[in-house]
Amino acid sequence: MEVETKIKEDMKSLGCDSEIKITLAYQLYLYLLDEKLMYDTEYCYNRDVDTLYVVARPNKNEKINIYVPVPTSFDVSMDFINKMQENLCTVETGPIINLAFIEEDFTTVIYSFTKGLAERPSAERAAQHKCREEKRRFINSELKKKKSDILNDALNGGFVDDDDCEIIE
């Protein structure tokens, strides 16, 4: 039996029925073994998220990293990344998950995502932040427009309207 066929059948026996997922995981497995020369490379399957993935060590003394194959045509969201981290990351692997984006010609690009570096703000908080930024931009643009007038007033003592002043006794 051919090695590729044996590995793909083994991946299928783990519980994965998707030929696309099996092909992507197989290509990633080969990429990590042959091109990246990783140690302790193994393929795994998680039923909870129906994901076939590969674990490997970049160096002999480093901890195991998780690599999830993703076709480049797939729209990756923060929810997808969080779901993968929640279901695949362990104490042994740590909070990092690597998404291996695989092109149709099997070109592979790997991006690492670390859980907990920065919390994602809520939609309400993001809207408040955006509103503050818009106000700040508006004020800065107005200050730039009137910069020369402000500087002239400051250098020449300016002009103060009596309506603008309040006498404190």
# chains A, B, ... in the order shown; residues from 1 in each chain; ligands from 1
>>> residues_around(residues="Tyr31 of chain A", least_positions_apart="4", cutoff="12 Å", atoms="only C-alpha atoms", output="list in words")
Leu24, Ala25, Tyr26, Gln27, Glu35, Lys36, Leu37, Met38, Thr41, Val54, Ala56, Tyr67, Pro69, Ala100, Phe101, Ile102, Phe106, Thr107, Thr108, Val109 and Ile110 of chain A
>>> select_by_dssp(residues="chain A", states="strand (DSSP E)", output="ChimeraX atom specification")
/A:39-46,51-57,65-71,96-102,108-114
>>> select_by_dssp(residues="segment 10-169 of chain A", states="helix (DSSP H, G or I)", output="PyMOL selection string")
chain A and resi 10-13+19-35+78-88+123-145+147-155+162-164
>>> closest_residue(among="A:Val49, A:Ile139, A:Ala123, A:Leu99", to="Asn87 of chain A", atoms="only C-alpha atoms")
A:Val49
>>> closest_residue(among="A:Cys16, A:Val3, A:Val55, A:Met84", to="Leu28 of chain A", atoms="only C-alpha atoms")
A:Val55
>>> atom_distance(atom1="atom CA of Thr23 of chain A", atom2="atom CA of Asp75 of chain A")
18.8 Å
>>> closest_residue(among="A:Asn59, A:Cys131, A:Glu4, A:Leu88", to="Arg47 of chain A", atoms="only C-alpha atoms")
A:Leu88
